[in-house]
Structure formats: structure tokens, C-alpha cells
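The data block below is input.cif; it holds mmCIF, C-alpha atoms.
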data_work
loop_
_atom_site.group_PDB
_atom_site.id
_atom_site.type_symbol
_atom_site.label_atom_id
_atom_site.label_comp_id
_atom_site.auth_asym_id
_atom_site.auth_seq_id
_atom_site.Cartn_x
_atom_site.Cartn_y
_atom_site.Cartn_z
ATOM 1 C CA MET A 1 58.493 -28.450 163.012
ATOM 2 C CA ALA A 2 60.279 -31.786 162.594
ATOM 3 C CA THR A 3 63.632 -31.505 160.828
ATOM 4 C CA LEU A 4 66.018 -33.842 159.052
ATOM 5 C CA GLU A 5 68.247 -33.696 162.125
ATOM 6 C CA ASP A 6 65.317 -34.840 164.273
ATOM 7 C CA LEU A 7 64.719 -37.755 161.923
ATOM 8 C CA LYS A 8 68.365 -38.770 161.984
ATOM 9 C CA THR A 9 68.426 -38.834 165.799
ATOM 10 C CA LEU A 10 65.467 -41.229 166.089
ATOM 11 C CA ASP A 11 66.183 -44.820 167.083
ATOM 12 C CA LEU A 12 64.860 -46.178 163.787
ATOM 13 C CA ALA A 13 66.530 -49.540 164.309
ATOM 14 C CA GLY A 14 64.481 -50.003 167.487
ATOM 15 C CA ALA A 15 61.150 -48.991 165.968
ATOM 16 C CA GLU A 16 57.967 -51.055 166.010
ATOM 17 C CA VAL A 17 57.018 -51.831 162.421
ATOM 18 C CA THR A 18 53.693 -52.339 160.671
ATOM 19 C CA LEU A 19 53.456 -52.930 156.934
ATOM 20 C CA TRP A 20 50.478 -51.650 154.955
ATOM 21 C CA THR A 21 49.721 -52.558 151.346
ATOM 22 C CA ILE A 22 47.635 -50.058 149.409
ATOM 23 C CA LYS A 23 45.594 -50.109 146.227
ATOM 24 C CA GLY A 24 44.967 -46.829 144.440
ATOM 25 C CA PRO A 25 44.884 -43.949 143.893
ATOM 26 C CA THR A 26 41.398 -44.158 142.411
ATOM 27 C CA GLY A 27 38.623 -41.689 141.655
ATOM 28 C CA PRO A 28 38.321 -38.804 139.163
ATOM 29 C CA ALA A 29 41.642 -37.175 138.285
ATOM 30 C CA ALA A 30 40.363 -33.763 139.376
ATOM 31 C CA SER A 31 39.326 -35.038 142.815
ATOM 32 C CA ALA A 32 41.296 -36.021 145.893
ATOM 33 C CA PRO A 33 42.575 -39.597 145.449
ATOM 34 C CA LYS A 34 41.055 -42.545 147.273
ATOM 35 C CA TYR A 35 43.041 -45.459 148.677
ATOM 36 C CA SER A 36 42.261 -48.919 149.993
ATOM 37 C CA GLY A 37 44.750 -50.279 152.500
ATOM 38 C CA ARG A 38 45.389 -53.570 154.314
ATOM 39 C CA TRP A 39 47.897 -54.127 157.074
ATOM 40 C CA VAL A 40 49.710 -57.438 157.135
ATOM 41 C CA GLU A 41 51.426 -59.471 159.835
ATOM 42 C CA THR A 42 55.154 -59.715 159.206
ATOM 43 C CA THR A 43 57.973 -61.788 160.642
ATOM 44 C CA ASP A 44 60.831 -60.307 162.650
ATOM 45 C CA GLU A 45 63.033 -60.861 159.613
ATOM 46 C CA VAL A 46 60.779 -58.717 157.406
ATOM 47 C CA ASP A 47 60.609 -56.029 160.083
ATOM 48 C CA GLU A 48 64.395 -55.952 160.328
ATOM 49 C CA ALA A 49 64.697 -55.705 156.532
ATOM 50 C CA LEU A 50 62.321 -52.722 156.475
ATOM 51 C CA LYS A 51 64.169 -50.997 159.308
ATOM 52 C CA THR A 52 67.513 -51.601 157.625
ATOM 53 C CA THR A 53 66.171 -50.048 154.425
ATOM 54 C CA LEU A 54 64.854 -46.975 156.250
ATOM 55 C CA VAL A 55 68.066 -46.473 158.227
ATOM 56 C CA SER A 56 70.029 -46.694 154.979
ATOM 57 C CA GLU A 57 67.706 -44.300 153.172
ATOM 58 C CA VAL A 58 67.833 -41.672 155.917
ATOM 59 C CA ALA A 59 71.619 -41.951 156.147
ATOM 60 C CA LYS A 60 71.916 -41.139 152.432
ATOM 61 C CA ILE A 61 70.139 -37.801 152.833
ATOM 62 C CA GLU A 62 72.778 -35.147 153.444
ATOM 63 C CA GLU A 63 70.750 -32.118 152.343
ATOM 64 C CA LEU A 64 67.160 -31.102 151.651
ATOM 65 C CA LEU A 65 66.159 -29.183 148.543
ATOM 66 C CA ASP A 66 62.870 -27.347 148.231
ATOM 67 C CA TYR A 67 60.428 -29.266 146.090
ATOM 68 C CA THR A 68 59.675 -27.357 142.905
ATOM 69 C CA LEU A 69 58.147 -28.596 139.703
ATOM 70 C CA LEU A 70 61.527 -28.778 137.972
ATOM 71 C CA ALA A 71 63.803 -29.581 140.915
ATOM 72 C CA GLN A 72 65.669 -32.888 140.916
ATOM 73 C CA ASN A 73 67.453 -34.496 143.824
ATOM 74 C CA ASN A 74 70.630 -36.562 143.696
ATOM 75 C CA GLU A 75 71.921 -39.565 145.639
ATOM 76 C CA GLY A 76 72.758 -37.408 148.657
ATOM 77 C CA SER A 77 69.642 -35.265 148.812
ATOM 78 C CA ALA A 78 65.860 -35.333 149.048
ATOM 79 C CA LEU A 79 63.191 -32.910 147.911
ATOM 80 C CA GLN A 80 61.221 -31.439 150.796
ATOM 81 C CA ILE A 81 57.555 -30.455 150.502
ATOM 82 C CA PRO A 82 55.023 -29.631 153.258
ATOM 83 C CA ALA A 83 52.621 -32.525 153.734
ATOM 84 C CA ASP A 84 49.612 -30.214 153.647
ATOM 85 C CA GLU A 85 50.468 -29.253 150.058
ATOM 86 C CA THR A 86 49.948 -32.868 148.995
ATOM 87 C CA HIS A 87 47.291 -35.564 149.368
ATOM 88 C CA THR A 88 49.231 -37.134 152.226
ATOM 89 C CA ASP A 89 46.248 -36.738 154.551
ATOM 90 C CA GLN A 90 44.066 -38.852 152.254
ATOM 91 C CA LEU A 91 46.592 -41.673 152.462
ATOM 92 C CA LEU A 92 47.281 -41.499 156.189
ATOM 93 C CA GLN A 93 43.581 -41.414 157.065
ATOM 94 C CA GLU A 94 43.134 -44.727 155.265
ATOM 95 C CA ILE A 95 46.017 -46.480 157.026
ATOM 96 C CA ALA A 96 45.937 -44.756 160.424
ATOM 97 C CA ALA A 97 44.822 -47.704 162.577
ATOM 98 C CA GLU A 98 45.420 -51.457 162.404
ATOM 99 C CA LEU A 99 41.750 -52.416 162.724
ATOM 100 C CA PRO A 100 40.770 -56.119 162.506
ATOM 101 C CA GLY A 101 38.667 -55.476 159.416
ATOM 102 C CA LYS A 102 41.656 -54.031 157.574
ATOM 103 C CA ARG A 103 43.976 -56.965 158.198
ATOM 104 C CA ALA A 104 45.212 -58.867 155.133
ATOM 105 C CA THR A 105 44.044 -62.463 155.480
ATOM 106 C CA GLU A 106 44.138 -63.674 151.867
ATOM 107 C CA THR A 107 46.631 -63.476 149.035
ATOM 108 C CA LYS A 108 44.195 -61.414 146.966
ATOM 109 C CA HIS A 109 44.324 -58.698 149.626
ATOM 110 C CA LEU A 110 47.992 -58.163 148.723
ATOM 111 C CA GLN A 111 47.997 -58.828 144.987
ATOM 112 C CA ASN A 112 47.757 -55.795 142.704
ATOM 113 C CA SER A 113 48.684 -53.391 145.480
ATOM 114 C CA ALA A 114 50.111 -50.267 143.872
ATOM 115 C CA PHE A 115 52.476 -49.478 146.739
ATOM 116 C CA TYR A 116 53.232 -50.275 150.350
ATOM 117 C CA ALA A 117 53.803 -48.053 153.374
ATOM 118 C CA ALA A 118 55.894 -49.130 156.345
ATOM 119 C CA LYS A 119 54.873 -47.519 159.640
ATOM 120 C CA PHE A 120 57.704 -47.035 162.133
ATOM 121 C CA VAL A 121 56.722 -46.130 165.690
ATOM 122 C CA ILE A 122 59.445 -44.822 168.020
ATOM 123 C CA GLY A 123 57.836 -43.822 171.301
ATOM 124 C CA GLU A 124 55.385 -41.081 170.374
ATOM 125 C CA GLN A 125 57.047 -40.435 167.008
ATOM 126 C CA VAL A 126 55.767 -41.991 163.769
ATOM 127 C CA VAL A 127 57.634 -42.226 160.473
ATOM 128 C CA TRP A 128 56.045 -43.517 157.273
ATOM 129 C CA ALA A 129 58.167 -44.830 154.404
ATOM 130 C CA VAL A 130 56.487 -45.495 151.062
ATOM 131 C CA ARG A 131 57.512 -47.548 148.033
ATOM 132 C CA LYS A 132 55.842 -48.509 144.747
ATOM 133 C CA THR A 133 55.447 -52.267 144.434
ATOM 134 C CA GLU A 134 57.485 -54.437 142.101
ATOM 135 C CA ARG A 135 55.987 -56.478 139.245
ATOM 136 C CA SER A 136 55.766 -59.557 141.466
ATOM 137 C CA TRP A 137 52.784 -57.973 143.239
ATOM 138 C CA LYS A 138 50.701 -58.024 140.049
ATOM 139 C CA THR A 139 48.327 -60.939 139.510
ATOM 140 C CA LYS A 140 49.224 -61.040 135.820
ATOM 141 C CA ASN A 141 52.887 -61.515 136.593
ATOM 142 C CA ALA A 142 52.191 -64.117 139.279
ATOM 143 C CA ILE A 143 50.207 -66.380 136.930
ATOM 144 C CA SER A 144 52.636 -66.047 134.011
ATOM 145 C CA VAL A 145 55.760 -67.402 135.732
ATOM 146 C CA ARG A 146 56.841 -70.177 138.075
ATOM 147 C CA ASN A 147 59.028 -69.358 141.044
ATOM 148 C CA LEU A 148 62.143 -71.468 141.510
ATOM 149 C CA PHE A 149 64.654 -71.743 144.315
ATOM 150 C CA PHE A 150 68.150 -73.200 144.307
ATOM 151 C CA SER A 151 69.108 -75.561 147.112
ATOM 152 C CA ASP A 152 71.482 -78.506 147.431
ATOM 153 C CA GLN A 153 72.747 -77.798 143.905
ATOM 154 C CA GLN A 154 69.240 -78.246 142.457
ATOM 155 C CA LEU A 155 66.461 -76.008 141.156
ATOM 156 C CA ALA A 156 63.041 -76.702 142.622
ATOM 157 C CA ILE A 157 59.600 -75.138 142.220
ATOM 158 C CA ASP A 158 58.163 -72.938 144.948
ATOM 159 C CA ASP A 159 54.439 -72.394 144.361
ATOM 160 C CA ARG A 160 53.929 -70.122 147.340
ATOM 161 C CA PRO A 161 52.868 -66.516 146.486
ATOM 162 C CA HIS A 162 55.876 -64.238 146.241
ATOM 163 C CA PHE A 163 56.084 -60.504 146.941
ATOM 164 C CA GLU A 164 59.260 -58.471 146.594
ATOM 165 C CA LEU A 165 60.458 -55.730 148.937
ATOM 166 C CA GLY A 166 62.565 -52.972 147.448
ATOM 167 C CA LYS A 167 65.856 -51.963 149.049
ATOM 168 C CA THR A 168 64.959 -48.273 148.900
ATOM 169 C CA PHE A 169 61.938 -46.096 149.713
ATOM 170 C CA ASP A 170 60.424 -43.558 147.334
ATOM 171 C CA PHE A 171 59.471 -41.003 149.970
ATOM 172 C CA ILE A 172 59.315 -40.568 153.730
ATOM 173 C CA ILE A 173 56.578 -38.818 155.707
ATOM 174 C CA TYR A 174 57.750 -37.383 159.008
ATOM 175 C CA GLY A 175 56.018 -34.668 160.979
ATOM 176 C CA ASP A 176 54.753 -31.945 158.675
ATOM 177 C CA ASN A 177 57.047 -32.796 155.790
ATOM 178 C CA VAL A 178 57.431 -35.263 152.960
ATOM 179 C CA LEU A 179 61.017 -36.112 151.982
ATOM 180 C CA VAL A 180 61.006 -37.215 148.363
ATOM 181 C CA ARG A 181 63.692 -39.559 147.078
ATOM 182 C CA ASN A 182 61.904 -40.714 143.910
ATOM 183 C CA LYS A 183 59.988 -37.800 142.427
ATOM 184 C CA GLY A 184 58.120 -39.785 139.775
ATOM 185 C CA ALA A 185 56.835 -42.343 142.271
ATOM 186 C CA PHE A 186 55.834 -39.614 144.729
ATOM 187 C CA GLU A 187 53.826 -37.751 142.099
ATOM 188 C CA SER A 188 52.153 -40.942 140.923
ATOM 189 C CA ILE A 189 51.215 -42.263 144.375
ATOM 190 C CA LEU A 190 49.934 -38.950 145.759
ATOM 191 C CA ARG A 191 48.527 -37.851 142.393
ATOM 192 C CA TYR A 192 50.542 -34.676 142.351
ATOM 193 C CA LYS A 193 50.314 -34.400 138.563
ATOM 194 C CA SER A 194 46.577 -33.661 138.771
ATOM 195 C CA THR A 195 47.468 -30.450 140.606
ATOM 196 C CA GLN A 196 49.711 -29.521 137.705
ATOM 197 C CA ARG A 197 46.821 -29.982 135.271
ATOM 198 C CA ASP A 198 44.693 -27.642 137.384
ATOM 199 C CA ASP A 199 47.482 -25.053 137.552
ATOM 200 C CA PHE A 200 47.940 -25.158 133.781
ATOM 201 C CA ALA A 201 44.202 -24.660 133.263
ATOM 202 C CA GLU A 202 44.382 -21.625 135.567
ATOM 203 C CA LEU A 203 47.373 -20.305 133.613
ATOM 204 C CA GLN A 204 45.442 -20.521 130.335
ATOM 205 C CA ALA A 205 42.632 -18.460 131.885
ATOM 206 C CA GLU A 206 44.916 -15.819 133.417
ATOM 207 C CA GLY A 207 44.534 -12.479 131.688
ATOM 208 C CA ASP A 208 48.181 -11.421 132.131
ATOM 209 C CA PHE A 209 49.382 -14.642 130.497
ATOM 210 C CA VAL A 210 46.912 -14.606 127.619
ATOM 211 C CA ALA A 211 47.744 -10.944 126.919
ATOM 212 C CA VAL A 212 51.358 -11.875 126.149
ATOM 213 C CA PHE A 213 50.314 -13.958 123.121
ATOM 214 C CA VAL A 214 48.493 -13.438 119.866
ATOM 215 C CA SER A 215 47.042 -16.890 120.629
ATOM 216 C CA VAL A 216 47.958 -19.376 123.357
ATOM 217 C CA ALA A 217 46.445 -22.298 121.404
ATOM 218 C CA PRO A 218 49.765 -23.523 119.886
ATOM 219 C CA LEU A 219 51.400 -23.519 123.326
ATOM 220 C CA VAL A 220 48.461 -25.360 124.912
ATOM 221 C CA GLU A 221 48.669 -28.004 122.204
ATOM 222 C CA TYR A 222 52.430 -28.277 122.678
ATOM 223 C CA VAL A 223 52.129 -28.853 126.432
ATOM 224 C CA GLY A 224 49.165 -31.244 126.165
ATOM 225 C CA ASP A 225 49.219 -33.766 129.014
ATOM 226 C CA ASN A 226 52.962 -34.318 128.890
ATOM 227 C CA LYS A 227 54.301 -34.630 132.434
ATOM 228 C CA ILE A 228 57.500 -32.675 131.831
ATOM 229 C CA GLN A 229 55.819 -29.885 129.871
ATOM 230 C CA LEU A 230 53.072 -29.573 132.497
ATOM 231 C CA ARG A 231 55.756 -29.101 135.133
ATOM 232 C CA ARG A 232 57.407 -26.422 133.034
ATOM 233 C CA ALA A 233 54.129 -24.633 132.349
ATOM 234 C CA CYS A 234 53.292 -24.602 136.061
ATOM 235 C CA ALA A 235 56.780 -23.338 136.863
ATOM 236 C CA ILE A 236 56.186 -20.498 134.383
ATOM 237 C CA LYS A 237 53.038 -19.637 136.348
ATOM 238 C CA ASP A 238 54.926 -19.747 139.654
ATOM 239 C CA LYS A 239 57.790 -17.571 138.389
ATOM 240 C CA GLY A 240 55.426 -15.087 136.732
ATOM 241 C CA HIS A 241 58.068 -13.442 134.503
ATOM 242 C CA TYR A 242 55.373 -12.783 131.886
ATOM 243 C CA ARG A 243 53.777 -10.326 134.337
ATOM 244 C CA ASP A 244 56.992 -8.268 134.426
ATOM 245 C CA GLN A 245 56.909 -5.760 131.545
ATOM 246 C CA ASP A 246 60.637 -5.054 131.900
ATOM 247 C CA PHE A 247 61.400 -8.776 131.590
ATOM 248 C CA MET A 248 59.235 -9.071 128.498
ATOM 249 C CA GLN A 249 60.822 -6.003 126.867
ATOM 250 C CA ARG A 250 64.315 -7.385 127.485
ATOM 251 C CA LEU A 251 63.161 -10.657 125.926
ATOM 252 C CA ARG A 252 62.059 -8.809 122.789
ATOM 253 C CA ASP A 253 65.273 -6.770 122.638
ATOM 254 C CA ASN A 254 67.847 -9.444 123.478
ATOM 255 C CA GLN A 255 66.437 -12.813 122.416
ATOM 256 C CA ALA A 256 68.644 -13.104 119.297
ATOM 257 C CA GLU A 257 71.751 -12.763 121.461
ATOM 258 C CA TYR A 258 70.625 -15.893 123.304
ATOM 259 C CA GLY A 259 69.883 -17.906 120.158
ATOM 260 C CA PHE A 260 66.099 -17.551 120.189
ATOM 261 C CA GLU A 261 63.939 -16.965 117.106
ATOM 262 C CA ILE A 262 60.663 -16.113 118.828
ATOM 263 C CA GLN A 263 58.308 -14.078 116.663
ATOM 264 C CA PHE A 264 56.451 -10.978 117.872
ATOM 265 C CA ASP A 265 53.660 -9.051 116.183
ATOM 266 C CA GLY A 266 53.484 -5.276 115.824
ATOM 267 C CA ASP A 267 52.096 -4.907 119.348
ATOM 268 C CA GLY A 268 54.928 -6.907 120.878
ATOM 269 C CA LYS A 269 52.826 -10.015 121.472
ATOM 270 C CA ILE A 270 54.371 -13.462 121.044
ATOM 271 C CA VAL A 271 53.361 -15.326 117.897
ATOM 272 C CA ALA A 272 53.528 -18.935 119.109
ATOM 273 C CA THR A 273 54.340 -21.573 116.507
ATOM 274 C CA VAL A 274 55.052 -25.289 116.642
ATOM 275 C CA GLU A 275 58.724 -24.595 116.024
ATOM 276 C CA THR A 276 59.156 -21.868 118.630
ATOM 277 C CA CYS A 277 57.104 -23.300 121.537
ATOM 278 C CA PRO A 278 60.188 -24.966 123.117
ATOM 279 C CA GLN A 279 62.029 -21.624 122.912
ATOM 280 C CA ILE A 280 59.060 -19.760 124.409
ATOM 281 C CA MET A 281 58.996 -22.158 127.356
ATOM 282 C CA LYS A 282 62.740 -21.710 128.001
ATOM 283 C CA ALA A 283 62.454 -17.940 127.738
ATOM 284 C CA LEU A 284 59.501 -17.604 130.134
ATOM 285 C CA LEU A 285 61.221 -19.955 132.587
ATOM 286 C CA ASP A 286 64.377 -17.838 132.322
ATOM 287 C CA HIS A 287 66.301 -21.047 131.686
ATOM 288 C CA ARG A 288 68.753 -19.745 129.086
ATOM 289 C CA LEU A 289 71.604 -17.955 130.778
ATOM 290 C CA LYS A 290 74.973 -16.458 129.811
ATOM 291 C CA SER A 291 78.090 -17.052 131.866
ATOM 292 C CA GLY A 292 79.777 -13.894 133.094
ATOM 293 C CA PHE A 293 83.103 -15.718 132.888
ATOM 294 C CA SER A 294 83.163 -17.727 129.657
ATOM 295 C CA THR A 295 80.406 -15.636 127.989
ATOM 296 C CA LEU A 296 78.940 -18.922 126.741
ATOM 297 C CA VAL A 297 75.147 -19.364 126.691
ATOM 298 C CA TYR A 298 73.673 -22.351 128.556
ATOM 299 C CA ASP A 299 70.300 -24.043 128.991
ATOM 300 C CA VAL A 300 69.626 -24.920 132.640
ATOM 301 C CA GLN A 301 67.071 -27.240 134.279
ATOM 302 C CA ASP A 302 66.239 -24.961 137.186
ATOM 303 C CA THR A 303 67.354 -21.660 138.668
ATOM 304 C CA THR A 304 68.189 -20.629 142.187
ATOM 305 C CA PRO A 305 68.808 -16.888 142.717
ATOM 306 C CA VAL A 306 72.047 -16.045 144.530
ATOM 307 C CA ALA A 307 72.029 -13.317 147.172
ATOM 308 C CA LEU A 308 74.802 -10.841 146.311
#

Full structure transcribed into C-alpha cells:
Amino acid sequence: MATLEDLKTLDLAGAEVTLWTIKGPTGPAASAPKYSGRWVETTDEVDEALKTTLVSEVAKIEELLDYTLLAQNNEGSALQIPADETHTDQLLQEIAAELPGKRATETKHLQNSAFYAAKFVIGEQVVWAVRKTERSWKTKNAISVRNLFFSDQQLAIDDRPHFELGKTFDFIIYGDNVLVRNKGAFESILRYKSTQRDDFAELQAEGDFVAVFVSVAPLVEYVGDNKIQLRRACAIKDKGHYRDQDFMQRLRDNQAEYGFEIQFDGDGKIVATVETCPQIMKALLDHRLKSGFSTLVYDVQDTTPVAL
């Protein structure tokens, strides 16, 4: 399996570069996304700019964190997720080969592209780097402004179509892995949120989960289609604390100590209300913890068990 160390040892600065512009994803939200890609001829200067951006992006990554629904990376890290757990294959199938019929020959082939993917070939190795497009790629933006350039102490009009390249990439595909630098862009481009909707629907139908509540309806309404709450609901499903009777009993016995006011009926089932749904989510995520040193109680964004 390709590793971060393998990526860092590649001669990225000497790679052959092809730039693809892609429209999509399209199709029903519950289905695999569809993409429409065009590859475009680029100058040596553009190729060098893309390589410089990739080299810089890879150099920033000092550690890899496992991609989870609530995990967040920082400036020196990337979230790692196996490519086969995403719709990466749908994208790469569309932009696999630079066929004549897929070449961009008109401005309209580039305008309104949702993102672009730079293909870097180093010998037999291939690295893909993906970035959402800037506003300048949108037709609406192009027709609403005039482009100017400053030369010889004067401003002049430049009516040529303009397209901006970002100085970072949102995620990198290498080998069997996707290295995510911008989680929101990754989820949008590869339609990862649709998987979260499916997982939440499965959670609502799971007998063990439903049995914990008098009614799950208030919690379902609270989550809705909110991106953050969907992530949290799916993380609750992954953690599965609600299946652990000991966990649930300790929640009933000790919740007041942790500042919760969750209501339970006579059978020990959770009575979900509008006011307590945020507390229920925190409790089932196990995201309210007490320090063994200060004895203070904290809310956390994610948890990583420590081997003792």
C-alpha cells in the first residue's frame, strides 16, 4: 500500500502534468455521482505552477489522521481515507485517458466547471490533486465584471477569458488512499454527505437505537439535513454506545454530574425533547468528559482512546 513516505519521495517537480476540468457531481443524491470531464492543453508555466502547488501541499503534511465523521485536520496534517470507501472510482473513470473527444477546445468547455484535477505522472506512478474552482470559472461571474491589468502605470481592459488556479489542493489521490486537506470540499466533490444520509436512515431503522427512546422523532427532526448533525448522528452509529447496556445505565446514573438534564421514562428510555437533543447527541457520542487532574468537565469534538 502506498504511504505518505512514498509520496514524499516521488520526484513531483519532474512529473508530467495534465489538467482536467470537471463538471458535477450530478445525478440523484442516493446514487453514485456522475462527472463530465475535459482535459486542457496547458503551458509550461501553468504546469510548473501546478507542480509547485503540489510539492508545497505534500511538504505541509507531517502526519496522517484517520478520516472519521468528526475528525478535523490542521495545517500540518491530512485526513486519510481508503479510496474504495469513496466515489473516487467514479471520478477517475471519467478522467482516466486524454482522448481527443474529451479535449477542451472552447471556453464553454471550461466555464462552470465545479473543480479541476491535476494528473501528475512520475514513471509508472500517478498522483491526482483536486481543487474546487474559484468564482472566476462561473459564467455568471465572467459576464458581470471586466478584467483589468496594470502595465506601464496604466490600467487597461483584458477581455480574454480568465480562470484562476488556487495555491492549494483540497485533496490528493495516491495509490489506494485519499489524503484530505479540505474536508468540506472533499465531501462536496465526492458526494460523501449522501453516504451520511443513508447511514442516518439506517440508524433510525435500527432496533437497538429505537429501543433506547420513547420516540426518536424529535431527534430526527433536530438532525434534519444539517451537515454537522448528520456527521454526529453517523458517528453515534459507528461508536454504538447505545448498544452497551452498561454505558446506558451509567448515563442514567451519572448524567447530572456532567451537567446533563436528559429525561428518562419509568422504563429507562430517553424522552427526547427539543431542548435536550443537543445533550443527547453529546452523551451518545461520549463527548463530555471529566479531567482526572483538574476535575473540570469538558465538551470535546472527537475522542481517541488511549492504550494504558

**Request:** Kindly indicate which residue among A:Val127, A:Val40, A:Val212, A:Ala233 lies nearest to Thr105 in chain A, using all atoms listed in the file for the distances.
**Result:**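 The shortest atom-to-atom distance to Thr105 in chain A comes from A:Val40.
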
**Message:** Report, in Å to a single decimal, how far apart CA of Glu261 in chain A and CA of Tyr298 in chain A are.
**Reply:**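 Interatomic distance, CA of Tyr298 in chain A to CA of Glu261 in chain A: 16.0 Å.
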
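Here CA of Ala201 in chain A is placed at a distance of 10.6 Å from CA of Lys237 in chain A.
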
**Message:** Calculated over all atoms listed in the file, which of the candidates A:Ala114, A:Ala2, A:Tyr258, A:Leu79 has the smallest distance to Thr26 in chain A?
**Reply:**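 Of A:Ala114, A:Ala2, A:Tyr258, A:Leu79, the one nearest Thr26 in chain A, counting all atoms listed in the file, is A:Ala114.
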
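With CA of Thr9 in chain A on one side and CA of Asn182 in chain A on the other, the separation reads 22.9 Å.
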
Can you sort out range 182-202 of chain A so it carries N, CA, C and O atoms, written as a compact mmCIF listing (two decimals), in the frame of the given file?
# COMPACT_ATOMS: atom_id res chain seq x y z
N ASN A 182 62.26 -40.35 145.28
CA ASN A 182 61.90 -40.71 143.91
C ASN A 182 60.73 -39.85 143.49
O ASN A 182 59.59 -40.11 143.86
N LYS A 183 61.00 -38.80 142.74
CA LYS A 183 59.99 -37.80 142.43
C LYS A 183 58.84 -38.37 141.61
O LYS A 183 57.67 -38.07 141.86
N GLY A 184 59.16 -39.21 140.61
CA GLY A 184 58.12 -39.78 139.78
C GLY A 184 57.15 -40.64 140.57
O GLY A 184 55.93 -40.57 140.38
N ALA A 185 57.69 -41.47 141.46
CA ALA A 185 56.84 -42.34 142.27
C ALA A 185 55.98 -41.52 143.23
O ALA A 185 54.80 -41.80 143.43
N PHE A 186 56.58 -40.50 143.82
CA PHE A 186 55.83 -39.61 144.73
C PHE A 186 54.65 -38.98 144.01
O PHE A 186 53.52 -38.97 144.52
N GLU A 187 54.88 -38.43 142.83
CA GLU A 187 53.83 -37.75 142.10
C GLU A 187 52.74 -38.71 141.66
O GLU A 187 51.55 -38.37 141.64
N SER A 188 53.13 -39.94 141.34
CA SER A 188 52.15 -40.94 140.92
C SER A 188 51.30 -41.40 142.10
O SER A 188 50.06 -41.46 142.01
N ILE A 189 51.93 -41.73 143.22
CA ILE A 189 51.22 -42.26 144.38
C ILE A 189 50.28 -41.23 144.99
O ILE A 189 49.13 -41.53 145.33
N LEU A 190 50.75 -39.99 145.13
CA LEU A 190 49.93 -38.95 145.76
C LEU A 190 49.21 -38.08 144.74
O LEU A 190 48.64 -37.04 145.07
N ARG A 191 49.24 -38.51 143.48
CA ARG A 191 48.53 -37.85 142.39
C ARG A 191 48.86 -36.36 142.35
O ARG A 191 47.99 -35.50 142.27
N TYR A 192 50.12 -36.07 142.37
CA TYR A 192 50.54 -34.68 142.35
C TYR A 192 50.40 -34.07 140.97
O TYR A 192 50.25 -32.86 140.82
N LYS A 193 50.43 -34.91 139.93
CA LYS A 193 50.31 -34.40 138.56
C LYS A 193 48.97 -33.76 138.31
O LYS A 193 48.84 -32.83 137.51
N SER A 194 47.91 -34.23 138.98
CA SER A 194 46.58 -33.66 138.77
C SER A 194 46.55 -32.20 139.17
O SER A 194 45.85 -31.38 138.59
N THR A 195 47.36 -31.85 140.20
CA THR A 195 47.47 -30.45 140.61
C THR A 195 48.11 -29.63 139.50
O THR A 195 47.73 -28.48 139.26
N GLN A 196 49.06 -30.22 138.80
CA GLN A 196 49.71 -29.52 137.71
C GLN A 196 48.73 -29.25 136.57
O GLN A 196 48.77 -28.19 135.93
N ARG A 197 47.84 -30.20 136.30
CA ARG A 197 46.82 -29.98 135.27
C ARG A 197 45.94 -28.80 135.65
O ARG A 197 45.61 -27.95 134.81
N ASP A 198 45.54 -28.75 136.92
CA ASP A 198 44.69 -27.64 137.38
C ASP A 198 45.42 -26.31 137.25
O ASP A 198 44.84 -25.30 136.83
N ASP A 199 46.70 -26.29 137.63
CA ASP A 199 47.48 -25.05 137.55
C ASP A 199 47.62 -24.59 136.11
O ASP A 199 47.56 -23.38 135.82
N PHE A 200 47.80 -25.53 135.18
CA PHE A 200 47.94 -25.16 133.78
C PHE A 200 46.62 -24.61 133.23
O PHE A 200 46.62 -23.66 132.44
N ALA A 201 45.51 -25.18 133.67
CA ALA A 201 44.20 -24.66 133.26
C ALA A 201 44.02 -23.23 133.77
O ALA A 201 43.50 -22.36 133.05
N GLU A 202 44.46 -22.98 135.01
CA GLU A 202 44.38 -21.62 135.57
C GLU A 202 45.27 -20.66 134.78
O GLU A 202 44.91 -19.51 134.56
